[in-house]
Amino acid sequence: MNSPFAAYLDGRQACFKIDEDENHLAFLSTEPLREGHTLVIPKIACDALFDMEPGAYTQLMLFAQKAAQRLKRAIACTKVGMIVAGVKVRHVHLHLVPIEEPTDLDFSKAAPAEPAALGRTQEKIMAAAV
């Protein structure tokens, strides 16, 4: 499968990384719904979330939980929402979005972010990593 995230995973393209382990990567969306909108992906491409092996699925969710907790500490919000659509991008990815209300998860509101703004958000989130 040709993953749109391959360039991030192999280092050909930089991303605003907020966490990484041997099997997962979490990075800021370049078209965020709200500040802190993060994508969480497994490093091994899989087309659909529910096609993942049970152990890999569990580990992805645990990694996402850790990223969401970090987001909650760094970005003022009521909750961190999660969306998994998987319609256009053929690599499992979770959208973690700091939200105040359900309408904050409206993808029609997504807009390209300036790299400087993403860098500031990344710094804020990384500072909350402790």
# chains A, B, ... in the order shown; residues from 1 in each chain; ligands from 1

call {"tool": "residues_around", "arguments": {"residues": "His24 in chain A", "least_positions_apart": "4", "cutoff": "9 Å", "atoms": "only C-alpha atoms", "output": "short mmCIF file (atom, residue, chain, number, x, y, z; two decimals) with N, CA and C atoms, in the first residue's frame"}}
result
data_model
loop_
_atom_site.label_atom_id
_atom_site.label_comp_id
_atom_site.auth_asym_id
_atom_site.auth_seq_id
_atom_site.Cartn_x
_atom_site.Cartn_y
_atom_site.Cartn_z
N ASP A 19 4.86 12.99 19.48
CA ASP A 19 5.24 11.76 20.17
C ASP A 19 5.57 10.69 19.13
N GLU A 20 6.39 9.75 19.56
CA GLU A 20 6.76 8.65 18.67
C GLU A 20 7.27 7.50 19.52
N VAL A 40 -2.61 10.52 14.71
CA VAL A 40 -1.89 9.39 15.31
C VAL A 40 -1.96 8.25 14.31
N ILE A 41 -0.79 7.71 13.95
CA ILE A 41 -0.75 6.64 12.95
C ILE A 41 0.12 5.48 13.43
N PRO A 42 -0.22 4.27 12.98
CA PRO A 42 0.71 3.16 13.17
C PRO A 42 1.79 3.28 12.08
N LYS A 43 3.00 2.86 12.38
CA LYS A 43 4.07 2.95 11.39
C LYS A 43 3.91 1.92 10.28
N ILE A 44 3.24 0.84 10.56
CA ILE A 44 2.95 -0.15 9.52
C ILE A 44 1.57 0.18 8.98
N GLN A 59 -2.51 -1.42 21.05
CA GLN A 59 -1.34 -0.57 21.24
C GLN A 59 -1.54 0.81 20.62
N LEU A 60 -2.22 0.87 19.47
CA LEU A 60 -2.52 2.16 18.84
C LEU A 60 -3.40 3.00 19.77
N PHE A 63 -1.38 4.29 22.73
CA PHE A 63 -0.51 5.38 22.28
C PHE A 63 -1.34 6.66 22.10
#

call {"tool": "residues_around", "arguments": {"residues": "range 68-72 of chain A", "least_positions_apart": "2", "cutoff": "9 Å", "atoms": "only C-alpha atoms", "output": "compact mmCIF listing (two decimals) with N, CA and C atoms, in the first residue's frame"}}
result
# COMPACT_ATOMS: atom_id res chain seq x y z
N ILE A 18 4.71 15.19 17.91
CA ILE A 18 4.50 15.40 19.34
C ILE A 18 4.79 14.14 20.15
N GLY A 36 -3.89 22.23 18.12
CA GLY A 36 -3.54 20.95 18.73
C GLY A 36 -4.05 19.74 17.99
N HIS A 37 -4.82 19.93 16.92
CA HIS A 37 -5.34 18.80 16.12
C HIS A 37 -4.17 17.92 15.72
N THR A 38 -4.21 16.69 16.17
CA THR A 38 -3.11 15.74 16.01
C THR A 38 -3.56 14.50 15.27
N PHE A 63 -1.38 4.29 22.73
CA PHE A 63 -0.51 5.38 22.28
C PHE A 63 -1.34 6.66 22.10
N ALA A 64 -2.52 6.53 21.48
CA ALA A 64 -3.41 7.68 21.27
C ALA A 64 -3.87 8.26 22.61
N GLN A 65 -4.13 7.40 23.58
CA GLN A 65 -4.53 7.87 24.91
C GLN A 65 -3.45 8.75 25.52
N LYS A 66 -2.21 8.30 25.41
CA LYS A 66 -1.08 9.08 25.93
C LYS A 66 -0.99 10.43 25.22
N ALA A 74 -1.89 20.51 27.59
CA ALA A 74 -1.26 21.63 26.90
C ALA A 74 -2.23 22.64 26.31
N ILE A 75 -3.38 22.18 25.85
CA ILE A 75 -4.32 23.02 25.12
C ILE A 75 -5.61 23.15 25.94
N ALA A 76 -6.04 24.38 26.17
CA ALA A 76 -7.28 24.59 26.92
C ALA A 76 -8.46 23.99 26.14
N CYS A 77 -9.12 23.02 26.76
CA CYS A 77 -10.27 22.37 26.12
C CYS A 77 -11.07 21.62 27.18
N THR A 78 -12.30 21.28 26.83
CA THR A 78 -13.14 20.48 27.71
C THR A 78 -12.76 19.02 27.61
N LYS A 79 -12.56 18.56 26.38
CA LYS A 79 -12.19 17.17 26.11
C LYS A 79 -11.32 17.11 24.87
N VAL A 80 -10.74 15.95 24.65
CA VAL A 80 -10.07 15.69 23.38
C VAL A 80 -10.95 14.70 22.63
N GLY A 81 -11.50 15.16 21.50
CA GLY A 81 -12.34 14.30 20.67
C GLY A 81 -11.49 13.45 19.75
N MET A 82 -12.07 12.35 19.29
CA MET A 82 -11.36 11.47 18.36
C MET A 82 -12.27 11.12 17.20
N LEU A 96 -7.07 13.41 16.74
CA LEU A 96 -7.30 13.84 18.12
C LEU A 96 -7.44 15.36 18.08
N VAL A 97 -8.58 15.86 18.56
CA VAL A 97 -8.85 17.29 18.47
C VAL A 97 -9.31 17.83 19.82
N PRO A 98 -8.58 18.80 20.39
CA PRO A 98 -9.06 19.45 21.61
C PRO A 98 -10.37 20.18 21.30
N ILE A 125 2.85 21.70 23.42
CA ILE A 125 2.50 20.30 23.70
C ILE A 125 3.70 19.55 24.26
N MET A 126 4.87 19.77 23.69
CA MET A 126 6.07 19.08 24.17
C MET A 126 6.41 19.49 25.60
N ALA A 128 4.33 20.02 27.83
CA ALA A 128 3.37 19.33 28.69
C ALA A 128 3.66 17.83 28.78
N ALA A 129 4.77 17.40 28.23
CA ALA A 129 5.08 15.97 28.15
C ALA A 129 5.50 15.36 29.48
N VAL A 130 5.82 16.17 30.43
CA VAL A 130 6.31 15.64 31.71
C VAL A 130 5.28 14.88 32.49

call {"tool": "atom_distance", "arguments": {"atom1": "CA of Gly11 in chain A", "atom2": "CA of Phe27 in chain A"}}
result
13.0 Å

call {"tool": "select_by_dssp", "arguments": {"residues": "chain A", "states": "alpha helix (DSSP H)", "output": "ChimeraX atom specification"}}
result
/A:6-9,54-74,115-127

call {"tool": "residues_around", "arguments": {"residues": "range 3-5 of chain A", "least_positions_apart": "5", "cutoff": "8 Å", "atoms": "only C-alpha atoms", "output": "MDAnalysis selection string"}}
result
chainID A and resid 45 89:91

call {"tool": "write_last_selection", "arguments": {"atoms": "C-alpha atoms", "output": "PDB file, in the first residue's frame"}}
result
ATOM      1  CA  ALA A  45       0.261   0.871   7.049  1.00  0.00           C
ATOM      2  CA  VAL A  89      -6.526   8.260   3.203  1.00  0.00           C
ATOM      3  CA  ARG A  90      -5.610   4.582   2.972  1.00  0.00           C
ATOM      4  CA  HIS A  91      -3.519   4.404   6.138  1.00  0.00           C
TER       5      HIS A  91
END

call {"tool": "atom_distance", "arguments": {"atom1": "CA of Ala7 in chain A", "atom2": "CA of Leu25 in chain A"}}
result
12.3 Å

call {"tool": "closest_residue", "arguments": {"among": "A:Leu49, A:Ala85, A:Leu94, A:Ala6", "to": "Ala26 in chain A", "atoms": "only C-alpha atoms"}}
result
A:Leu94

call {"tool": "atom_distance", "arguments": {"atom1": "CA of Arg120 in chain A", "atom2": "CA of Glu100 in chain A"}}
result
20.9 Å

call {"tool": "residues_around", "arguments": {"residues": "Phe107 in chain A", "least_positions_apart": "5", "cutoff": "10 Å", "atoms": "only C-alpha atoms", "output": "ChimeraX atom specification"}}
result
/A:31-33

call {"tool": "write_last_selection", "arguments": {"atoms": "C-alpha atoms", "output": "short mmCIF file (atom, residue, chain, number, x, y, z; two decimals), in the first residue's frame"}}
result
data_model
loop_
_atom_site.label_atom_id
_atom_site.label_comp_id
_atom_site.auth_asym_id
_atom_site.auth_seq_id
_atom_site.Cartn_x
_atom_site.Cartn_y
_atom_site.Cartn_z
CA GLU A 31 -4.97 21.62 8.28
CA PRO A 32 -6.22 21.66 11.86
CA LEU A 33 -9.81 21.91 12.99
#

call {"tool": "closest_residue", "arguments": {"among": "A:Ile83, A:Ala116, A:Leu62, A:Ala127", "to": "Phe16 in chain A", "atoms": "only C-alpha atoms"}}
result
A:Ala116

call {"tool": "closest_residue", "arguments": {"among": "A:Leu28, A:Asn23, A:Arg34, A:Ala67", "to": "Ser108 in chain A", "atoms": "only C-alpha atoms"}}
result
A:Arg34

call {"tool": "select_by_dssp", "arguments": {"residues": "range 40-125 of chain A", "states": "strand (DSSP E or B)", "output": "PDB file with N, CA and C atoms, in the first residue's frame"}}
result
ATOM      1  N   VAL A  40      -2.608  10.516  14.710  1.00  0.00           N
ATOM      2  CA  VAL A  40      -1.893   9.391  15.308  1.00  0.00           C
ATOM      3  C   VAL A  40      -1.959   8.248  14.312  1.00  0.00           C
ATOM      4  N   ILE A  41      -0.786   7.713  13.948  1.00  0.00           N
ATOM      5  CA  ILE A  41      -0.745   6.643  12.950  1.00  0.00           C
ATOM      6  C   ILE A  41       0.121   5.483  13.425  1.00  0.00           C
ATOM      7  N   PRO A  42      -0.217   4.273  12.982  1.00  0.00           N
ATOM      8  CA  PRO A  42       0.714   3.164  13.167  1.00  0.00           C
ATOM      9  C   PRO A  42       1.786   3.279  12.084  1.00  0.00           C
ATOM     10  N   LYS A  79     -12.561  18.565  26.379  1.00  0.00           N
ATOM     11  CA  LYS A  79     -12.193  17.171  26.113  1.00  0.00           C
ATOM     12  C   LYS A  79     -11.324  17.115  24.875  1.00  0.00           C
ATOM     13  N   VAL A  80     -10.744  15.953  24.646  1.00  0.00           N
ATOM     14  CA  VAL A  80     -10.069  15.687  23.381  1.00  0.00           C
ATOM     15  C   VAL A  80     -10.953  14.699  22.630  1.00  0.00           C
ATOM     16  N   GLY A  81     -11.496  15.156  21.500  1.00  0.00           N
ATOM     17  CA  GLY A  81     -12.339  14.301  20.672  1.00  0.00           C
ATOM     18  C   GLY A  81     -11.486  13.454  19.745  1.00  0.00           C
ATOM     19  N   MET A  82     -12.067  12.351  19.287  1.00  0.00           N
ATOM     20  CA  MET A  82     -11.357  11.474  18.360  1.00  0.00           C
ATOM     21  C   MET A  82     -12.269  11.121  17.196  1.00  0.00           C
ATOM     22  N   ILE A  83     -11.713  11.210  16.001  1.00  0.00           N
ATOM     23  CA  ILE A  83     -12.429  10.809  14.792  1.00  0.00           C
ATOM     24  C   ILE A  83     -11.554   9.832  14.022  1.00  0.00           C
ATOM     25  N   LEU A  94      -5.854   8.326  13.367  1.00  0.00           N
ATOM     26  CA  LEU A  94      -6.813   8.858  14.328  1.00  0.00           C
ATOM     27  C   LEU A  94      -6.625  10.369  14.382  1.00  0.00           C
ATOM     28  N   HIS A  95      -7.710  11.092  14.358  1.00  0.00           N
ATOM     29  CA  HIS A  95      -7.677  12.540  14.553  1.00  0.00           C
ATOM     30  C   HIS A  95      -7.994  12.800  16.021  1.00  0.00           C
ATOM     31  N   LEU A  96      -7.073  13.407  16.740  1.00  0.00           N
ATOM     32  CA  LEU A  96      -7.305  13.839  18.116  1.00  0.00           C
ATOM     33  C   LEU A  96      -7.440  15.355  18.084  1.00  0.00           C
ATOM     34  N   VAL A  97      -8.577  15.859  18.565  1.00  0.00           N
ATOM     35  CA  VAL A  97      -8.855  17.290  18.465  1.00  0.00           C
ATOM     36  C   VAL A  97      -9.315  17.826  19.822  1.00  0.00           C
ATOM     37  N   PRO A  98      -8.578  18.799  20.392  1.00  0.00           N
ATOM     38  CA  PRO A  98      -9.061  19.450  21.608  1.00  0.00           C
ATOM     39  C   PRO A  98     -10.371  20.181  21.295  1.00  0.00           C
ATOM     40  N   ILE A  99     -11.424  19.870  22.037  1.00  0.00           N
ATOM     41  CA  ILE A  99     -12.741  20.424  21.712  1.00  0.00           C
ATOM     42  C   ILE A  99     -13.434  21.029  22.932  1.00  0.00           C
TER      43      ILE A  99
END
